[in-house]
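Scroll down for the structure; my scribbles are underneath it.
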Amino acid sequence: MKALRRMALALITATITATSLVSFAESYRGLFTWAAHHGLHGAWAVIWPLQVDTFIAVGELALFVALADRWSARNRTGAWAVTVLGLAVSVAGNVGHAAGHDWATRLTAAVPPMAAAAALAVGLGVLKRVVAGAGADLSAQDAGGHLPAEHAPRQNGQTGHSGHRRRTQPRRMSMADQEAAALVHLAEEPQMSGAELARRLRVSEKTARRVRARLAGPDN
(Lines give C-alpha, C1' and ligand atoms only; values in the text may rest on other atoms or scores of the structure.)
Protein backbone atom coordinates (compact mmCIF):
# COMPACT_ATOMS: atom_id res chain seq x y z
CA MET A 1 0.00 0.00 0.00
CA LYS A 2 2.85 2.40 0.75
CA ALA A 3 4.24 1.95 -2.77
CA LEU A 4 0.80 2.52 -4.29
CA ARG A 5 0.36 5.61 -2.11
CA ARG A 6 3.67 7.04 -3.30
CA MET A 7 2.69 6.31 -6.90
CA ALA A 8 -0.67 8.05 -6.42
CA LEU A 9 1.00 11.11 -4.90
CA ALA A 10 3.49 11.22 -7.79
CA LEU A 11 0.64 11.04 -10.33
CA ILE A 12 -1.29 13.75 -8.48
CA THR A 13 1.80 15.98 -8.46
CA ALA A 14 2.47 15.44 -12.17
CA THR A 15 -1.17 16.01 -13.13
CA ILE A 16 -1.55 19.17 -11.06
CA THR A 17 1.75 20.55 -12.34
CA ALA A 18 0.77 19.92 -15.97
CA THR A 19 -2.72 21.35 -15.43
CA SER A 20 -1.36 24.47 -13.73
CA LEU A 21 1.19 25.12 -16.48
CA VAL A 22 -1.38 24.66 -19.27
CA SER A 23 -4.03 26.72 -17.47
CA PHE A 24 -1.70 29.63 -16.71
CA ALA A 25 -0.36 29.51 -20.28
CA GLU A 26 -3.89 29.66 -21.72
CA SER A 27 -4.83 32.42 -19.32
CA TYR A 28 -1.67 34.34 -20.25
CA ARG A 29 -2.58 34.09 -23.93
CA GLY A 30 -6.08 35.44 -23.28
CA LEU A 31 -4.82 38.33 -21.14
CA PHE A 32 -2.12 39.13 -23.69
CA THR A 33 -4.77 39.34 -26.42
CA TRP A 34 -6.87 41.59 -24.19
CA ALA A 35 -3.91 43.91 -23.53
CA ALA A 36 -2.93 44.02 -27.22
CA HIS A 37 -6.46 45.14 -28.15
CA HIS A 38 -6.64 47.79 -25.43
CA GLY A 39 -3.74 50.12 -26.11
CA LEU A 40 -0.72 48.07 -24.96
CA HIS A 41 1.94 46.95 -27.41
CA GLY A 42 5.35 45.27 -27.43
CA ALA A 43 6.91 44.53 -24.05
CA TRP A 44 4.08 46.24 -22.19
CA ALA A 45 1.53 43.83 -23.63
CA VAL A 46 3.88 40.91 -22.88
CA ILE A 47 4.29 41.70 -19.18
CA TRP A 48 0.73 42.90 -18.51
CA PRO A 49 -0.77 39.39 -17.91
CA LEU A 50 1.80 38.76 -15.17
CA GLN A 51 0.22 41.52 -13.10
CA VAL A 52 -3.03 39.57 -12.96
CA ASP A 53 -2.38 35.83 -12.68
CA THR A 54 0.48 36.37 -10.23
CA PHE A 55 -2.08 37.33 -7.60
CA ILE A 56 -3.89 34.01 -7.99
CA ALA A 57 -0.70 32.04 -7.31
CA VAL A 58 0.54 34.31 -4.52
CA GLY A 59 -2.88 34.47 -2.87
CA GLU A 60 -3.30 30.68 -2.79
CA LEU A 61 0.24 30.15 -1.51
CA ALA A 62 -0.52 32.66 1.26
CA LEU A 63 -3.69 30.72 2.11
CA PHE A 64 -1.67 27.51 2.31
CA VAL A 65 0.76 29.13 4.76
CA ALA A 66 -2.19 30.53 6.71
CA LEU A 67 -3.75 27.08 7.07
CA ALA A 68 -0.43 25.41 7.93
CA ASP A 69 0.38 28.04 10.59
CA ARG A 70 -3.25 28.25 11.79
CA TRP A 71 -3.73 31.94 11.19
CA SER A 72 -6.92 33.41 12.55
CA ALA A 73 -9.85 34.01 10.19
CA ARG A 74 -9.19 37.74 10.37
CA ASN A 75 -5.57 37.33 9.27
CA ARG A 76 -6.62 35.07 6.37
CA THR A 77 -8.93 37.76 5.00
CA GLY A 78 -6.13 39.50 3.10
CA ALA A 79 -5.01 36.30 1.38
CA TRP A 80 -8.58 35.48 0.39
CA ALA A 81 -9.09 39.00 -0.96
CA VAL A 82 -5.94 38.82 -3.11
CA THR A 83 -6.89 35.39 -4.48
CA VAL A 84 -10.52 36.26 -5.28
CA LEU A 85 -9.63 39.65 -6.77
CA GLY A 86 -6.88 38.16 -8.95
CA LEU A 87 -9.23 35.40 -10.13
CA ALA A 88 -12.04 37.86 -10.91
CA VAL A 89 -9.77 40.16 -12.94
CA SER A 90 -8.23 37.20 -14.79
CA VAL A 91 -11.66 35.78 -15.67
CA ALA A 92 -12.85 39.19 -16.83
CA GLY A 93 -9.78 39.69 -19.03
CA ASN A 94 -10.02 36.21 -20.54
CA VAL A 95 -13.74 36.55 -21.23
CA GLY A 96 -13.26 40.05 -22.60
CA HIS A 97 -10.94 38.91 -25.40
CA ALA A 98 -13.34 36.21 -26.63
CA ALA A 99 -14.38 36.75 -30.26
CA GLY A 100 -17.95 35.51 -29.76
CA HIS A 101 -20.54 36.85 -27.37
CA ASP A 102 -22.49 33.64 -26.78
CA TRP A 103 -22.34 31.95 -23.38
CA ALA A 104 -20.46 28.89 -24.64
CA THR A 105 -17.62 31.01 -26.02
CA ARG A 106 -17.41 33.14 -22.89
CA LEU A 107 -17.49 30.07 -20.63
CA THR A 108 -14.69 28.47 -22.65
CA ALA A 109 -12.60 31.62 -22.26
CA ALA A 110 -13.21 31.66 -18.48
CA VAL A 111 -12.00 28.07 -17.95
CA PRO A 112 -8.16 28.65 -17.91
CA PRO A 113 -7.93 30.99 -14.87
CA MET A 114 -10.53 28.98 -12.98
CA ALA A 115 -8.70 25.73 -13.74
CA ALA A 116 -5.39 27.27 -12.64
CA ALA A 117 -6.90 28.39 -9.33
CA ALA A 118 -8.59 25.00 -8.76
CA ALA A 119 -5.41 23.04 -9.55
CA LEU A 120 -3.39 25.11 -7.08
CA ALA A 121 -6.05 24.74 -4.40
CA VAL A 122 -6.20 20.94 -4.77
CA GLY A 123 -2.41 20.56 -4.89
CA LEU A 124 -1.81 22.70 -1.83
CA GLY A 125 -4.61 20.92 0.03
CA VAL A 126 -3.06 17.50 -0.67
CA LEU A 127 0.38 18.79 0.34
CA LYS A 128 -0.95 20.16 3.62
CA ARG A 129 -2.58 16.85 4.55
CA VAL A 130 0.49 14.81 3.62
CA VAL A 131 2.72 17.04 5.77
CA ALA A 132 0.22 16.94 8.63
CA GLY A 133 0.03 13.14 8.44
CA ALA A 134 3.82 12.80 8.52
CA GLY A 135 4.00 15.12 11.53
CA ALA A 136 1.35 13.10 13.37
CA ASP A 137 3.28 9.88 12.77
CA LEU A 138 6.50 11.39 14.14
CA SER A 139 4.67 12.73 17.20
CA ALA A 140 3.16 9.31 17.89
CA GLN A 141 6.59 7.68 17.59
CA ASP A 142 8.19 10.18 20.00
CA ALA A 143 5.37 9.93 22.54
CA GLY A 144 4.99 6.16 22.55
CA GLY A 145 8.63 5.11 22.38
CA HIS A 146 7.91 2.84 19.42
CA LEU A 147 6.95 3.11 15.78
CA PRO A 148 3.28 3.66 14.90
CA ALA A 149 1.47 0.48 13.89
CA GLU A 150 1.44 1.29 10.19
CA HIS A 151 5.23 1.82 10.19
CA ALA A 152 6.21 -1.03 12.52
CA PRO A 153 8.26 -3.80 10.89
CA ARG A 154 6.32 -6.85 9.77
CA GLN A 155 6.73 -10.12 11.56
CA ASN A 156 6.45 -13.56 10.01
CA GLY A 157 2.85 -14.64 9.56
CA GLN A 158 1.37 -11.13 9.53
CA THR A 159 0.17 -11.50 5.96
CA GLY A 160 -2.18 -14.40 5.21
CA HIS A 161 -2.61 -16.33 1.99
CA SER A 162 -5.53 -14.10 1.06
CA GLY A 163 -3.24 -11.09 0.92
CA HIS A 164 -5.01 -9.24 3.74
CA ARG A 165 -2.63 -7.63 6.18
CA ARG A 166 -3.21 -8.43 9.82
CA ARG A 167 -3.16 -5.79 12.49
CA THR A 168 0.44 -4.89 13.33
CA GLN A 169 1.40 -4.97 16.99
CA PRO A 170 3.64 -2.23 18.43
CA ARG A 171 7.28 -3.19 18.79
CA ARG A 172 8.11 -4.22 22.38
CA MET A 173 10.83 -2.32 24.20
CA SER A 174 14.02 -4.17 25.00
CA MET A 175 15.29 -4.51 28.58
CA ALA A 176 17.83 -1.75 28.02
CA ASP A 177 15.14 0.52 26.56
CA GLN A 178 12.86 -0.17 29.52
CA GLU A 179 15.61 0.72 31.99
CA ALA A 180 16.53 3.88 30.07
CA ALA A 181 12.90 5.02 29.92
CA ALA A 182 12.38 4.17 33.59
CA LEU A 183 15.43 6.26 34.56
CA VAL A 184 13.96 9.25 32.79
CA HIS A 185 10.56 8.89 34.44
CA LEU A 186 11.98 8.24 37.91
CA ALA A 187 14.36 11.20 37.60
CA GLU A 188 11.36 13.42 36.98
CA GLU A 189 9.26 11.82 39.72
CA PRO A 190 11.31 9.70 42.19
CA GLN A 191 8.26 8.66 44.26
CA MET A 192 6.37 7.39 41.22
CA SER A 193 4.22 4.35 42.06
CA GLY A 194 4.74 0.99 40.42
CA ALA A 195 1.38 1.23 38.69
CA GLU A 196 2.22 4.62 37.20
CA LEU A 197 5.65 3.43 36.06
CA ALA A 198 4.03 0.40 34.43
CA ARG A 199 1.60 2.69 32.63
CA ARG A 200 4.41 4.93 31.42
CA LEU A 201 6.45 1.97 30.16
CA ARG A 202 3.38 0.17 28.83
CA VAL A 203 4.26 -3.01 30.69
CA SER A 204 2.73 -4.99 33.53
CA GLU A 205 3.27 -3.91 37.14
CA LYS A 206 5.33 -7.05 37.72
CA THR A 207 7.68 -6.09 34.89
CA ALA A 208 7.84 -2.50 36.17
CA ARG A 209 8.88 -3.76 39.63
CA ARG A 210 11.63 -5.87 38.06
CA VAL A 211 12.90 -2.88 36.09
CA ARG A 212 12.96 -0.73 39.24
CA ALA A 213 14.74 -3.51 41.12
CA ARG A 214 17.42 -3.78 38.45
CA LEU A 215 17.95 -0.03 38.58
CA ALA A 216 18.24 -0.18 42.39
CA GLY A 217 20.70 -3.07 42.29
CA PRO A 218 24.34 -2.79 43.45
CA ASP A 219 25.61 -2.39 39.90
CA ASN A 220 23.51 0.73 39.17
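Labeling convention for the C-alpha coordinates: chains A, B, ... as they appear, residues from 1 per chain, ligands from 1 in order of appearance.
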
Find the residues around Ser23 of chain A up to 8 Å (only C-alpha atoms counted), leave out those fewer than 6 positions away in its own chain, and share them as a PDB file with N, CA and C atoms, in the first residue's frame.
ATOM      1  N   PRO A 112      -9.579  28.690 -18.310  1.00  0.00           N
ATOM      2  CA  PRO A 112      -8.161  28.649 -17.908  1.00  0.00           C
ATOM      3  C   PRO A 112      -7.852  29.233 -16.532  1.00  0.00           C
ATOM      4  N   PRO A 113      -8.264  30.489 -16.217  1.00  0.00           N
ATOM      5  CA  PRO A 113      -7.927  30.991 -14.874  1.00  0.00           C
ATOM      6  C   PRO A 113      -8.614  30.215 -13.756  1.00  0.00           C
ATOM      7  N   ALA A 115      -9.402  27.004 -13.865  1.00  0.00           N
ATOM      8  CA  ALA A 115      -8.700  25.728 -13.744  1.00  0.00           C
ATOM      9  C   ALA A 115      -7.370  25.909 -13.031  1.00  0.00           C
ATOM     10  N   ALA A 116      -6.665  27.007 -13.308  1.00  0.00           N
ATOM     11  CA  ALA A 116      -5.389  27.267 -12.639  1.00  0.00           C
ATOM     12  C   ALA A 116      -5.592  27.427 -11.131  1.00  0.00           C
TER      13      ALA A 116
END

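Proximity ranking of A:Gln191, A:Val211, A:Glu196, A:Gly123 relative to Glu179 of chain A places A:Val211 first, based on only C-alpha atoms.
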
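Of the listed residues A:Arg70, A:Arg129, A:Arg29, A:His101, the one whose atoms come nearest to Leu9 of chain A is A:Arg129, with distances taken using only C-alpha atoms.
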